[in-house]
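Text of structure-v6.txt (compact mmCIF, C-alpha atoms and all ligand atoms) as supplied:
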# COMPACT_ATOMS: atom_id res chain seq x y z
CA MET A 271 37.36 -24.89 -11.60
CA ALA A 272 39.35 -21.77 -12.25
CA LYS A 273 39.14 -19.26 -9.46
CA ILE A 274 39.05 -15.52 -9.03
CA LEU A 275 41.48 -14.04 -6.53
CA VAL A 276 39.90 -11.03 -4.81
CA THR A 277 42.51 -8.82 -3.16
CA GLY A 278 41.01 -6.66 -0.42
CA GLY A 279 38.01 -8.98 -0.41
CA ALA A 280 37.28 -8.31 3.27
CA GLY A 281 36.85 -4.59 2.61
CA TYR A 282 33.73 -2.59 1.84
CA ILE A 283 33.45 -2.95 -1.93
CA GLY A 284 35.36 -6.24 -2.05
CA SER A 285 33.02 -8.02 0.37
CA HIS A 286 29.91 -6.98 -1.59
CA THR A 287 31.57 -8.07 -4.81
CA VAL A 288 32.40 -11.48 -3.34
CA VAL A 289 28.69 -12.02 -2.61
CA GLU A 290 27.78 -11.14 -6.21
CA LEU A 291 30.55 -13.30 -7.65
CA ILE A 292 29.43 -16.34 -5.69
CA ALA A 293 25.80 -15.71 -6.66
CA ALA A 294 26.99 -15.69 -10.29
CA GLY A 295 28.58 -19.12 -9.81
CA CYS A 296 32.23 -18.05 -9.51
CA GLU A 297 34.76 -19.64 -7.19
CA VAL A 298 36.50 -17.04 -5.09
CA VAL A 299 39.70 -16.85 -3.05
CA ILE A 300 40.29 -13.82 -0.81
CA ILE A 301 43.56 -12.21 0.21
CA ASP A 302 43.44 -9.33 2.69
CA ASN A 303 45.89 -8.18 5.35
CA LEU A 304 42.97 -6.90 7.45
CA SER A 305 44.65 -3.49 7.76
CA ASN A 306 41.25 -1.90 7.19
CA ALA A 307 38.85 -4.79 7.65
CA SER A 308 37.56 -7.15 10.29
CA ARG A 309 37.79 -10.92 10.38
CA LYS A 310 34.05 -10.90 11.13
CA VAL A 311 33.42 -10.03 7.49
CA LEU A 312 34.54 -13.53 6.56
CA GLU A 313 32.00 -15.17 8.88
CA ARG A 314 29.29 -12.95 7.48
CA LEU A 315 30.28 -13.72 3.91
CA GLN A 316 29.95 -17.39 4.70
CA GLU A 317 26.56 -16.76 6.29
CA LEU A 318 25.34 -14.77 3.26
CA THR A 319 26.69 -17.05 0.54
CA GLY A 320 26.66 -20.47 2.21
CA ALA A 321 30.13 -20.96 0.74
CA GLU A 322 33.43 -21.75 2.48
CA ILE A 323 35.60 -19.09 0.90
CA PRO A 324 39.35 -19.70 1.10
CA PHE A 325 40.87 -16.74 2.94
CA TYR A 326 44.54 -15.78 3.18
CA ARG A 327 45.51 -13.15 5.70
CA ALA A 328 48.49 -11.73 3.84
CA ASP A 329 49.85 -8.55 2.39
CA ILE A 330 50.02 -8.11 -1.38
CA ARG A 331 53.58 -6.83 -0.91
CA ASP A 332 54.52 -10.25 0.45
CA ARG A 333 55.85 -11.99 -2.64
CA ASP A 334 56.27 -15.36 -0.92
CA ALA A 335 52.73 -15.34 0.40
CA LEU A 336 51.35 -14.44 -3.03
CA THR A 337 53.47 -17.11 -4.71
CA GLY A 338 52.13 -19.68 -2.25
CA ILE A 339 48.55 -18.73 -3.11
CA PHE A 340 49.15 -18.90 -6.87
CA LYS A 341 50.82 -22.30 -6.47
CA LYS A 342 48.04 -23.72 -4.34
CA GLU A 343 44.92 -22.25 -5.94
CA GLU A 344 44.05 -22.40 -9.62
CA ILE A 345 43.73 -18.66 -10.13
CA GLU A 346 42.51 -17.49 -13.52
CA SER A 347 41.78 -13.81 -12.84
CA VAL A 348 42.34 -11.19 -10.18
CA ILE A 349 39.96 -8.49 -8.99
CA HIS A 350 42.25 -6.07 -7.25
CA PHE A 351 40.66 -3.95 -4.50
CA ALA A 352 43.47 -4.03 -1.93
CA GLY A 353 44.77 -0.57 -1.22
CA LEU A 354 44.77 2.27 1.26
CA LYS A 355 42.11 4.86 0.45
CA ALA A 356 41.94 7.67 3.00
CA VAL A 357 42.58 10.91 1.14
CA GLY A 358 43.66 12.99 4.18
CA GLU A 359 45.88 10.26 5.60
CA SER A 360 47.61 9.94 2.23
CA VAL A 361 48.71 13.58 2.46
CA GLU A 362 50.30 12.88 5.85
CA LYS A 363 51.77 9.50 4.92
CA PRO A 364 52.63 9.61 1.22
CA TRP A 365 55.39 6.99 1.49
CA GLU A 366 53.03 4.51 3.12
CA TYR A 367 50.43 5.08 0.40
CA TYR A 368 52.86 4.75 -2.50
CA ASP A 369 54.42 1.69 -0.93
CA ASN A 370 51.16 -0.06 -0.10
CA ASN A 371 49.31 0.74 -3.31
CA ILE A 372 52.08 0.86 -5.88
CA THR A 373 54.66 -1.60 -4.53
CA GLY A 374 51.75 -3.88 -3.64
CA THR A 375 50.29 -3.80 -7.14
CA LEU A 376 53.70 -4.20 -8.81
CA THR A 377 54.38 -7.27 -6.67
CA LEU A 378 50.94 -8.68 -7.43
CA ILE A 379 51.33 -8.18 -11.19
CA ASP A 380 54.77 -9.75 -11.18
CA VAL A 381 53.61 -12.85 -9.32
CA MET A 382 50.58 -13.06 -11.62
CA ARG A 383 52.66 -13.06 -14.80
CA LYS A 384 55.13 -15.56 -13.37
CA HIS A 385 52.17 -17.91 -13.00
CA GLY A 386 50.76 -17.08 -16.44
CA VAL A 387 47.77 -15.21 -14.98
CA LYS A 388 47.20 -12.09 -17.05
CA ASN A 389 43.63 -11.08 -16.30
CA ILE A 390 43.02 -8.20 -13.91
CA ILE A 391 40.19 -5.88 -12.94
CA PHE A 392 41.51 -2.86 -11.08
CA SER A 393 39.66 -0.54 -8.68
CA SER A 394 40.26 2.92 -10.01
CA SER A 395 38.44 6.08 -9.13
CA ALA A 396 36.78 9.18 -10.49
CA THR A 397 39.57 10.98 -8.70
CA VAL A 398 41.83 10.34 -11.75
CA TYR A 399 39.81 12.98 -13.66
CA GLY A 400 40.94 15.64 -11.17
CA ASP A 401 38.72 18.68 -11.58
CA PRO A 402 36.99 17.22 -14.64
CA ALA A 403 37.33 18.99 -17.96
CA PHE A 404 33.59 18.43 -18.55
CA VAL A 405 30.51 16.74 -17.07
CA PRO A 406 29.00 14.28 -17.51
CA ILE A 407 32.46 12.70 -17.46
CA THR A 408 33.00 10.16 -20.24
CA GLU A 409 35.97 7.81 -20.35
CA GLU A 410 37.46 10.11 -23.02
CA CYS A 411 37.65 12.97 -20.54
CA PRO A 412 41.36 13.65 -20.03
CA LYS A 413 42.87 12.58 -16.75
CA GLY A 414 43.61 15.52 -14.50
CA THR A 415 45.82 16.70 -11.70
CA CYS A 416 45.16 14.78 -8.49
CA THR A 417 45.10 16.73 -5.25
CA ASN A 418 46.56 14.04 -2.98
CA PRO A 419 48.91 11.03 -2.99
CA TYR A 420 45.99 8.57 -2.81
CA GLY A 421 44.63 9.93 -6.08
CA TRP A 422 48.06 9.78 -7.67
CA THR A 423 48.42 6.11 -6.74
CA LYS A 424 45.24 5.40 -8.73
CA SER A 425 46.32 7.53 -11.66
CA MET A 426 49.83 6.01 -11.71
CA LEU A 427 48.55 2.46 -11.34
CA GLU A 428 46.25 2.98 -14.31
CA GLN A 429 49.30 4.08 -16.33
CA ILE A 430 51.36 1.14 -15.09
CA LEU A 431 48.64 -1.33 -16.09
CA MET A 432 48.29 0.32 -19.51
CA ASP A 433 52.05 0.06 -20.08
CA ILE A 434 52.07 -3.58 -18.99
CA TYR A 435 49.33 -4.28 -21.53
CA THR A 436 51.16 -2.37 -24.29
CA ALA A 437 54.27 -4.45 -23.70
CA ASP A 438 52.38 -7.75 -23.54
CA ASN A 439 49.04 -7.99 -25.33
CA GLU A 440 48.25 -11.28 -23.63
CA TRP A 441 47.07 -9.24 -20.68
CA ASN A 442 43.40 -8.38 -20.31
CA VAL A 443 43.03 -5.31 -18.12
CA VAL A 444 39.84 -3.63 -16.97
CA LEU A 445 40.12 -0.28 -15.21
CA LEU A 446 36.91 0.51 -13.35
CA ARG A 447 36.57 4.12 -12.30
CA TYR A 448 34.17 4.18 -9.38
CA PHE A 449 32.22 7.30 -8.55
CA ASN A 450 30.90 7.56 -4.96
CA PRO A 451 29.91 4.17 -3.55
CA ILE A 452 27.42 4.17 -0.65
CA GLY A 453 24.75 1.78 0.64
CA ALA A 454 25.16 -1.73 1.93
CA HIS A 455 23.94 -5.27 1.42
CA LYS A 456 20.16 -5.57 1.87
CA SER A 457 20.65 -8.00 4.75
CA GLY A 458 22.40 -5.34 6.83
CA ARG A 459 25.12 -7.91 7.59
CA ILE A 460 27.95 -6.29 5.61
CA GLY A 461 28.62 -2.62 4.99
CA GLU A 462 31.12 0.19 5.23
CA ASN A 463 33.15 0.18 8.45
CA PRO A 464 35.26 3.32 8.62
CA ASN A 465 38.01 3.67 11.21
CA GLY A 466 37.53 6.63 13.53
CA ILE A 467 35.63 9.67 12.35
CA PRO A 468 34.45 9.09 8.79
CA ASN A 469 35.83 11.29 6.03
CA ASN A 470 33.08 10.47 3.58
CA LEU A 471 29.64 11.96 3.53
CA MET A 472 27.30 8.97 3.92
CA PRO A 473 29.06 7.23 6.82
CA TYR A 474 29.24 10.62 8.54
CA ILE A 475 25.49 11.10 8.09
CA THR A 476 24.65 7.61 9.35
CA GLN A 477 26.83 8.15 12.43
CA VAL A 478 24.99 11.40 13.15
CA ALA A 479 21.71 9.51 12.77
CA VAL A 480 22.79 6.76 15.16
CA GLY A 481 23.92 9.37 17.72
CA LYS A 482 27.69 8.82 17.52
CA LEU A 483 28.34 12.25 16.02
CA GLN A 484 26.55 15.46 16.79
CA LYS A 485 26.08 17.18 13.50
CA LEU A 486 27.23 17.13 9.94
CA ARG A 487 29.57 19.82 8.69
CA VAL A 488 28.71 20.73 5.11
CA PHE A 489 31.97 21.68 3.44
CA GLY A 490 31.12 24.81 1.47
CA ASN A 491 27.86 26.25 0.19
CA ASP A 492 29.33 28.61 -2.37
CA TYR A 493 30.10 26.16 -5.18
CA PRO A 494 28.58 26.82 -8.60
CA THR A 495 25.91 24.11 -8.11
CA HIS A 496 22.11 24.27 -7.73
CA ASP A 497 22.30 24.85 -3.95
CA GLY A 498 25.96 25.77 -3.54
CA THR A 499 27.05 22.41 -2.06
CA GLY A 500 29.24 19.82 -3.79
CA VAL A 501 27.61 17.50 -6.33
CA ARG A 502 28.62 13.83 -6.68
CA ASP A 503 27.50 10.70 -8.47
CA TYR A 504 26.52 8.32 -5.66
CA ILE A 505 26.23 4.67 -6.59
CA HIS A 506 24.86 1.75 -4.58
CA VAL A 507 27.65 -0.64 -3.63
CA LEU A 508 25.48 -3.54 -4.86
CA ASP A 509 25.39 -1.97 -8.32
CA LEU A 510 29.13 -1.47 -8.17
CA ALA A 511 29.56 -5.12 -7.19
CA ALA A 512 27.36 -6.21 -10.11
CA GLY A 513 29.53 -4.09 -12.41
CA HIS A 514 32.53 -6.27 -11.52
CA VAL A 515 30.67 -9.43 -12.44
CA LYS A 516 29.77 -7.88 -15.80
CA ALA A 517 33.35 -6.73 -16.31
CA LEU A 518 34.54 -10.36 -16.13
CA SER A 519 33.35 -10.66 -19.75
CA LYS A 520 36.22 -8.33 -20.68
CA LEU A 521 38.81 -10.74 -19.33
CA SER A 522 38.30 -13.20 -22.17
CA PRO A 523 41.22 -13.75 -24.55
CA GLY A 524 41.86 -10.77 -26.81
CA SER A 525 39.73 -8.33 -24.83
CA GLY A 526 42.78 -6.18 -24.18
CA LEU A 527 42.52 -2.97 -22.23
CA ASN A 528 39.13 -1.55 -21.29
CA ILE A 529 38.16 1.40 -19.12
CA TYR A 530 34.70 2.02 -17.66
CA ASN A 531 33.08 4.59 -15.43
CA LEU A 532 30.81 3.03 -12.82
CA GLY A 533 28.30 5.60 -11.64
CA THR A 534 24.60 6.29 -12.13
CA GLY A 535 25.06 9.42 -14.21
CA LYS A 536 23.03 11.48 -11.72
CA GLY A 537 24.50 14.19 -9.54
CA TYR A 538 23.25 14.92 -6.00
CA SER A 539 24.41 17.76 -3.80
CA VAL A 540 25.33 17.35 -0.13
CA LEU A 541 22.01 18.91 0.88
CA ASP A 542 20.12 16.66 -1.56
CA ILE A 543 21.68 13.68 0.20
CA VAL A 544 20.79 15.04 3.64
CA LYS A 545 17.18 15.54 2.53
CA SER A 546 16.95 12.15 0.82
CA PHE A 547 18.33 10.46 3.92
CA GLU A 548 15.85 12.25 6.16
CA VAL A 549 12.92 11.28 3.94
CA ALA A 550 14.05 7.68 3.45
CA THR A 551 14.82 6.95 7.10
CA GLY A 552 12.82 9.43 9.18
CA ASN A 553 15.97 10.65 10.94
CA GLU A 554 16.70 14.33 11.25
CA ILE A 555 20.27 15.28 10.37
CA PRO A 556 21.40 18.51 12.03
CA TYR A 557 24.07 20.27 10.02
CA GLU A 558 26.09 23.46 9.87
CA ILE A 559 27.79 25.11 6.94
CA ALA A 560 31.58 24.94 7.25
CA PRO A 561 34.38 26.21 5.01
CA ARG A 562 35.24 24.32 1.84
CA ARG A 563 37.43 21.25 2.30
CA GLU A 564 40.79 21.55 0.61
CA GLY A 565 41.08 19.57 -2.60
CA ASP A 566 37.31 19.22 -3.12
CA ILE A 567 35.75 19.98 -6.48
CA ALA A 568 32.31 21.42 -7.21
CA THR A 569 30.75 18.81 -9.44
CA CYS A 570 31.54 15.24 -10.44
CA TYR A 571 29.19 12.86 -12.22
CA CYS A 572 29.68 10.46 -15.05
CA SER A 573 28.21 9.23 -18.26
CA PRO A 574 27.65 5.50 -17.61
CA LYS A 575 26.86 4.94 -21.32
CA LYS A 576 29.96 2.95 -22.22
CA ALA A 577 29.42 0.41 -19.43
CA LYS A 578 25.82 0.01 -20.57
CA GLU A 579 26.73 -0.50 -24.22
CA GLU A 580 29.74 -2.75 -23.74
CA LEU A 581 29.01 -4.58 -20.48
CA GLY A 582 25.21 -4.45 -20.43
CA TRP A 583 25.51 -2.90 -16.98
CA VAL A 584 23.07 -0.31 -15.67
CA ALA A 585 22.73 0.82 -12.06
CA GLN A 586 19.47 -0.54 -10.61
CA TYR A 587 19.23 1.35 -7.34
CA GLY A 588 18.26 4.96 -6.74
CA ILE A 589 19.10 7.34 -3.96
CA ARG A 590 16.29 6.10 -1.70
CA ASP A 591 17.66 2.55 -1.64
CA MET A 592 21.16 3.91 -1.07
CA CYS A 593 20.00 5.87 1.98
CA GLU A 594 17.76 3.09 3.37
CA ASP A 595 20.45 0.46 3.02
CA SER A 596 23.20 2.62 4.53
CA TRP A 597 20.91 3.22 7.48
CA ASN A 598 19.87 -0.42 7.75
CA TRP A 599 23.54 -1.38 8.04
CA GLN A 600 24.46 1.40 10.48
CA SER A 601 21.42 1.00 12.73
CA HIS A 602 21.94 -2.77 13.05
CA ASN A 603 25.71 -2.38 13.52
CA PRO A 604 26.18 0.91 15.38
CA ASN A 605 29.85 0.08 15.92
CA GLY A 606 30.43 -1.55 12.58
CA TYR A 607 32.01 -4.97 13.02
CA HIS A 608 33.30 -4.16 16.52
P1 LIG A 701 38.41 -0.84 2.06
O1 LIG A 701 39.50 -0.21 2.83
O2 LIG A 701 37.15 -1.18 2.74
O3 LIG A 701 38.97 -2.18 1.35
C1 LIG A 701 40.30 -2.34 0.97
C2 LIG A 701 40.79 -3.66 1.58
O4 LIG A 701 42.14 -3.88 1.19
C3 LIG A 701 40.76 -3.65 3.10
O5 LIG A 701 40.05 -4.78 3.55
C4 LIG A 701 42.21 -3.70 3.53
O6 LIG A 701 42.40 -4.43 4.73
C5 LIG A 701 42.86 -4.36 2.32
N1 LIG A 701 44.27 -4.00 2.08
C6 LIG A 701 44.81 -2.76 2.04
N2 LIG A 701 46.12 -2.83 1.77
C7 LIG A 701 46.42 -4.15 1.63
C8 LIG A 701 47.61 -4.86 1.35
N3 LIG A 701 48.77 -4.23 1.18
N4 LIG A 701 47.55 -6.21 1.28
C9 LIG A 701 46.38 -6.86 1.47
N5 LIG A 701 45.23 -6.24 1.74
C10 LIG A 701 45.24 -4.90 1.82
O7 LIG A 701 38.12 0.09 0.79
P2 LIG A 701 36.96 0.02 -0.29
O8 LIG A 701 36.12 1.22 -0.13
O9 LIG A 701 36.33 -1.31 -0.30
O10 LIG A 701 37.81 0.23 -1.61
C11 LIG A 701 38.27 -0.85 -2.42
C12 LIG A 701 39.09 -0.30 -3.55
O11 LIG A 701 38.31 0.62 -4.31
C13 LIG A 701 40.33 0.48 -3.09
O12 LIG A 701 41.39 0.22 -3.98
C14 LIG A 701 39.88 1.92 -3.20
O13 LIG A 701 40.96 2.78 -3.40
C15 LIG A 701 38.98 1.87 -4.42
N6 LIG A 701 37.98 2.96 -4.47
C16 LIG A 701 37.17 3.18 -3.38
C17 LIG A 701 36.25 4.23 -3.42
C18 LIG A 701 35.36 4.52 -2.24
O14 LIG A 701 34.84 5.64 -2.15
N7 LIG A 701 35.14 3.59 -1.32
C19 LIG A 701 36.15 5.04 -4.56
C20 LIG A 701 36.98 4.78 -5.64
C21 LIG A 701 37.89 3.73 -5.58
N1 LIG A 702 31.16 16.35 2.58
C1 LIG A 702 30.68 17.20 3.54
N2 LIG A 702 30.86 16.87 4.86
C2 LIG A 702 31.49 15.74 5.24
C3 LIG A 702 31.98 14.85 4.25
C4 LIG A 702 31.80 15.20 2.93
O1 LIG A 702 30.11 18.24 3.23
O2 LIG A 702 31.64 15.49 6.45
C5 LIG A 702 30.94 16.69 1.15
C6 LIG A 702 32.23 16.88 0.37
O3 LIG A 702 32.68 18.19 0.50
C7 LIG A 702 31.77 16.51 -1.04
C8 LIG A 702 30.71 15.43 -0.80
O4 LIG A 702 30.29 15.59 0.54
O5 LIG A 702 31.16 17.60 -1.66
C9 LIG A 702 31.24 14.02 -0.99
O6 LIG A 702 32.40 13.85 -0.18
P1 LIG A 702 33.06 12.42 0.11
O7 LIG A 702 34.22 12.64 1.01
O8 LIG A 702 32.02 11.45 0.52
O9 LIG A 702 33.52 11.95 -1.34
P2 LIG A 702 34.54 12.62 -2.38
O10 LIG A 702 33.77 12.86 -3.63
O11 LIG A 702 35.24 13.75 -1.79
O12 LIG A 702 35.60 11.47 -2.60
C10 LIG A 702 35.23 10.09 -2.72
C11 LIG A 702 36.36 9.23 -2.16
C12 LIG A 702 37.57 9.37 -3.02
C13 LIG A 702 37.23 9.04 -4.44
C14 LIG A 702 36.09 9.91 -4.91
C15 LIG A 702 35.67 9.54 -6.30
O13 LIG A 702 36.68 9.62 -0.83
O14 LIG A 702 38.55 8.46 -2.59
O15 LIG A 702 34.98 9.77 -4.04
O16 LIG A 702 35.38 8.18 -6.37
F1 LIG A 702 38.31 9.25 -5.22

Do you think you could lay out the structure here as structure tokens?
Ligand code: NAD
Ligand code: UFG
Amino acid sequence: MAKILVTGGAGYIGSHTVVELIAAGCEVVIIDNLSNASRKVLERLQELTGAEIPFYRADIRDRDALTGIFKKEEIESVIHFAGLKAVGESVEKPWEYYDNNITGTLTLIDVMRKHGVKNIIFSSSATVYGDPAFVPITEECPKGTCTNPYGWTKSMLEQILMDIYTADNEWNVVLLRYFNPIGAHKSGRIGENPNGIPNNLMPYITQVAVGKLQKLRVFGNDYPTHDGTGVRDYIHVLDLAAGHVKALSKLSPGSGLNIYNLGTGKGYSVLDIVKSFEVATGNEIPYEIAPRREGDIATCYCSPKKAKEELGWVAQYGIRDMCEDSWNWQSHNPNGYH
């Protein structure tokens, strides 16, 4: 049976997607260099799926390793999550980000085409819209100026994949622009495992709740939003994972290039999230108002209409599930996978 190669499959979104893919009857092979993931994820994936999933600890920049995998496994499609993703770190280490994300993807695409594999789903981000020209953001919204090297790698990789498709229409390319993924698998066995102090809102909140951090700093309360704090489109990671399974339908011959937003279409402010988390979990989250964080925008939420119409995908989970499941994961794994 033809297989799906999941790059970065030991990571947060990749691991949840692997569970959904196996539930949908797909055969999966994982490659991950474990630069931002734990080997324990693989045991837990086996526990959750009952499947022995072939795993290669290798870097996507390693052409020989990739070639070995494509020779050995019958890969039909690639879901490409592998990449570095910390916004602040990317400002300090631009070379490392461009090398990992761009060189890595170029190497992957080259090895794919040499083996006649021309189907790819790529993890893009709402960050490519920059400060969006309008909300709700549709896929027609022009791409914007990114505020950090991480964002540029996503924007540039989208362009690279579009150009590859233009030059060779045998490719089927799906660009999925994720909004803000949070939540975890219902079992509490896999979830987000940030290194050090989390940059993102939900893991910060759950670490306050579990007592690892003292209080949340709310970055700015003077944005033009309903309560002055930043508004985002949070999406349950299980919905995001399901979106990848649906997107496989756009890898059939002649599908070409397709771009989809994956979000719920609803915007919640930082204080909305704090309140929802408190109500859903019974934890109090102390916070203080801090200055705005550089590079942040006021409001970002999408129109998920295109994904609904063309993929039949609609987010199932609301903010309560997102908060409960983030907490379920954090409270059962206070130190993540460590
Ligand atoms: P993650 O860090 O948990 O997962 C990425 C995985 O890729 C990790 O397991 C890491 O070890 C692996 N990896 C990194 N570089 C590699 C390389 N050169 N070779 C092999 N493996 C490598 O991140 P995530 O949150 O699961 O994100 C997955 C993808 O989605 C990333 O491309 C990210 O940029 C994108 N994305 C994430 C978000 C978000 O908020 N989490 C939003 C938009 C887009
Ligand atoms: N925030 C705080 N305090 C914190 C962390 C975040 O107030 O400690 C606020 C931010 O200012 C923002 C909101 O919470 O208003 C969400 O911030 P996140 O860092 O969780 O998410 P971002 O929207 O800034 O960015 C995330 C990813 C990016 C990705 C983008 C769109 O980090 O990589 O979503 O998908 F590009």

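A straight line drawn from atom CA of A:Leu427 to atom P2 of ligand LIG 702 (chain A) is 19.5 Å long.
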
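Distances here use only C-alpha atoms; by that measure, the residue among A:Gln586, A:Thr397, A:Asn370, A:Asn389 closest to A:Arg447 is A:Thr397.
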
If we count only C-alpha atoms, what is near stretch 483-487 of chain A at a cut-off of 8 Å, once residues fewer than 6 positions away on the same chain are taken out, given as a ChimeraX atom specification?
/A:474-475,477,555-560

Edge lengths and centre in Å to one decimal, as lines of an AutoDock Vina configuration file, is what I'm after for the box along x, y and z that holds all listed atoms of ligand LIG 702 (chain A) once 5 Å is added on each side.
center_x = 34.3
center_y = 13.2
center_z = 0.0
size_x = 18.4
size_y = 20.1
size_z = 22.8

Please report as a Markdown table every residue of stretch 469-573 of chain A lying within 10 Å of stretch 429-439 of chain A, along with the nearest atom pair and their distance in Å (one decimal), using only C-alpha atoms.
| residue | atom | partner | partner_atom | distance |
| --- | --- | --- | --- | --- |
| A:Pro523 | CA | A:Asn439 | CA | 9.7 |
| A:Gly524 | CA | A:Asn439 | CA | 7.8 |
| A:Ser525 | CA | A:Asn439 | CA | 9.3 |
| A:Gly526 | CA | A:Asn439 | CA | 6.6 |
| A:Leu527 | CA | A:Tyr435 | CA | 7.0 |
| A:Asn528 | CA | A:Met432 | CA | 9.5 |

Neighbouring residues of A:Lys388 were defined as those with any atom within 7 Å, considering only C-alpha atoms; residues of the same chain fewer than 3 positions away were excluded. Please report them as an NGL selection string.
:A and (382-383 or 440-442)

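Picture a line from atom CA of A:Thr377 to atom CA of A:Val443; it runs 16.2 Å.
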
Could you give me, as a tab-separated table, every chain A residue with an atom at most 7 Å from ligand LIG 701 (chain A), plus its closest atom pair and distance in Å to one decimal, counting only C-alpha atoms and all ligand atoms, rows ordered by chain then number?
residue	atom	partner	partner_atom	distance
A:Thr277	CA	A:LIG701	N5	6.2
A:Gly278	CA	A:LIG701	O4	3.4
A:Gly279	CA	A:LIG701	O5	6.1
A:Ala280	CA	A:LIG701	O5	4.5
A:Gly281	CA	A:LIG701	O5	3.3
A:Tyr282	CA	A:LIG701	O9	3.6
A:Ile283	CA	A:LIG701	O9	3.7
A:Gly284	CA	A:LIG701	O9	5.3
A:Ile301	CA	A:LIG701	C9	6.2
A:Asp302	CA	A:LIG701	N5	3.7
A:Asn303	CA	A:LIG701	C9	4.1
A:Leu304	CA	A:LIG701	O6	3.7
A:Ser305	CA	A:LIG701	O6	3.9
A:Asn306	CA	A:LIG701	O6	3.7
A:Ala307	CA	A:LIG701	O5	4.3
A:Ala328	CA	A:LIG701	C9	5.8
A:Asp329	CA	A:LIG701	N4	3.5
A:Ile330	CA	A:LIG701	N4	4.1
A:Arg331	CA	A:LIG701	N3	5.9
A:Phe351	CA	A:LIG701	C12	4.1
A:Ala352	CA	A:LIG701	O4	3.4
A:Gly353	CA	A:LIG701	C6	3.9
A:Leu354	CA	A:LIG701	C6	5.1
A:Lys355	CA	A:LIG701	O13	4.5
A:Asn370	CA	A:LIG701	N3	5.0
A:Asn371	CA	A:LIG701	N3	6.7
A:Gly374	CA	A:LIG701	N3	5.7
A:Ser393	CA	A:LIG701	O11	4.7
A:Ser394	CA	A:LIG701	C21	5.1
A:Ser395	CA	A:LIG701	C20	4.0
A:Ala396	CA	A:LIG701	C20	6.6
A:Arg447	CA	A:LIG701	C20	6.7
A:Tyr448	CA	A:LIG701	C20	4.7
A:Phe449	CA	A:LIG701	C19	6.0
A:Asn450	CA	A:LIG701	O14	5.2
A:Pro451	CA	A:LIG701	O14	5.3
A:Glu462	CA	A:LIG701	O2	6.7

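The protein and nucleic acid residues lying at most 8 Å from A:Gly414 are A:Val398, A:Tyr399, A:Gly400, A:Asp401, A:Pro402, A:Ala403, A:Pro412, A:Cys416, with all atoms listed in the file considered and sequence neighbours fewer than 2 positions away removed.
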
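When the distance limit is 9 Å and all atoms listed in the file are what count, the residues near A:Asn469, minus those fewer than 6 positions from it on the same chain, are Ala356, Val357 and Gly358 of chain A.
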
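You can rank A:Pro324, A:Gly386, A:Gly565, A:Pro464 by their closest distance to ligand LIG 702 (chain A) using all atoms listed in the file, and at the top of that list sits A:Gly565.
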
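Of the listed residues (A:Gly500, A:Pro561, A:Gly582, A:Pro574), A:Gly500 comes nearest to ligand LIG 702 (chain A); the distances count only C-alpha atoms and all ligand atoms.
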
To one decimal in Å, tell me the separation between atom CA of A:Lys516 and atom CA of A:Ala577.
9.1 Å

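Of the listed residues (A:Thr415, A:Met592, A:Ala454, A:Val299), A:Val299 comes nearest to A:Ile339; the distances count all atoms listed in the file.
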
Between A:Asn463, A:Asn605, A:Ser457, A:Ser360, which is the closest to ligand LIG 702 (chain A) once you count only C-alpha atoms and all ligand atoms?
A:Ser360

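Nearest-residue note for ligand LIG 702 (chain A): choosing from A:Arg327, A:Arg563, A:Lys536, A:Arg459, the minimum distance belongs to A:Arg563, counting only C-alpha atoms and all ligand atoms.
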
Please complete stretch 390-396 of chain A so it has N, CA, C and O atoms, and hand it over as a CSV table (one decimal), in the coordinates of the input.
chain,number,residue,atom,x,y,z
A,390,ILE,N,43.2,-9.0,-15.1
A,390,ILE,CA,43.0,-8.2,-13.9
A,390,ILE,C,41.9,-7.1,-14.1
A,390,ILE,O,41.9,-6.5,-15.1
A,391,ILE,N,41.1,-7.0,-13.0
A,391,ILE,CA,40.2,-5.9,-12.9
A,391,ILE,C,40.7,-5.0,-11.8
A,391,ILE,O,40.9,-5.5,-10.7
A,392,PHE,N,40.9,-3.7,-12.1
A,392,PHE,CA,41.5,-2.9,-11.1
A,392,PHE,C,40.5,-1.8,-10.6
A,392,PHE,O,39.9,-1.1,-11.4
A,393,SER,N,40.5,-1.6,-9.3
A,393,SER,CA,39.7,-0.5,-8.7
A,393,SER,C,40.3,0.8,-8.9
A,393,SER,O,41.2,1.2,-8.1
A,394,SER,N,39.8,1.5,-9.9
A,394,SER,CA,40.3,2.9,-10.0
A,394,SER,C,39.2,3.9,-9.5
A,394,SER,O,38.2,3.4,-8.9
A,395,SER,N,39.3,5.1,-9.8
A,395,SER,CA,38.4,6.1,-9.1
A,395,SER,C,38.2,7.3,-10.0
A,395,SER,O,39.1,7.7,-10.8
A,396,ALA,N,37.1,7.9,-9.8
A,396,ALA,CA,36.8,9.2,-10.5
A,396,ALA,C,37.8,10.2,-10.2
A,396,ALA,O,37.9,11.2,-10.9
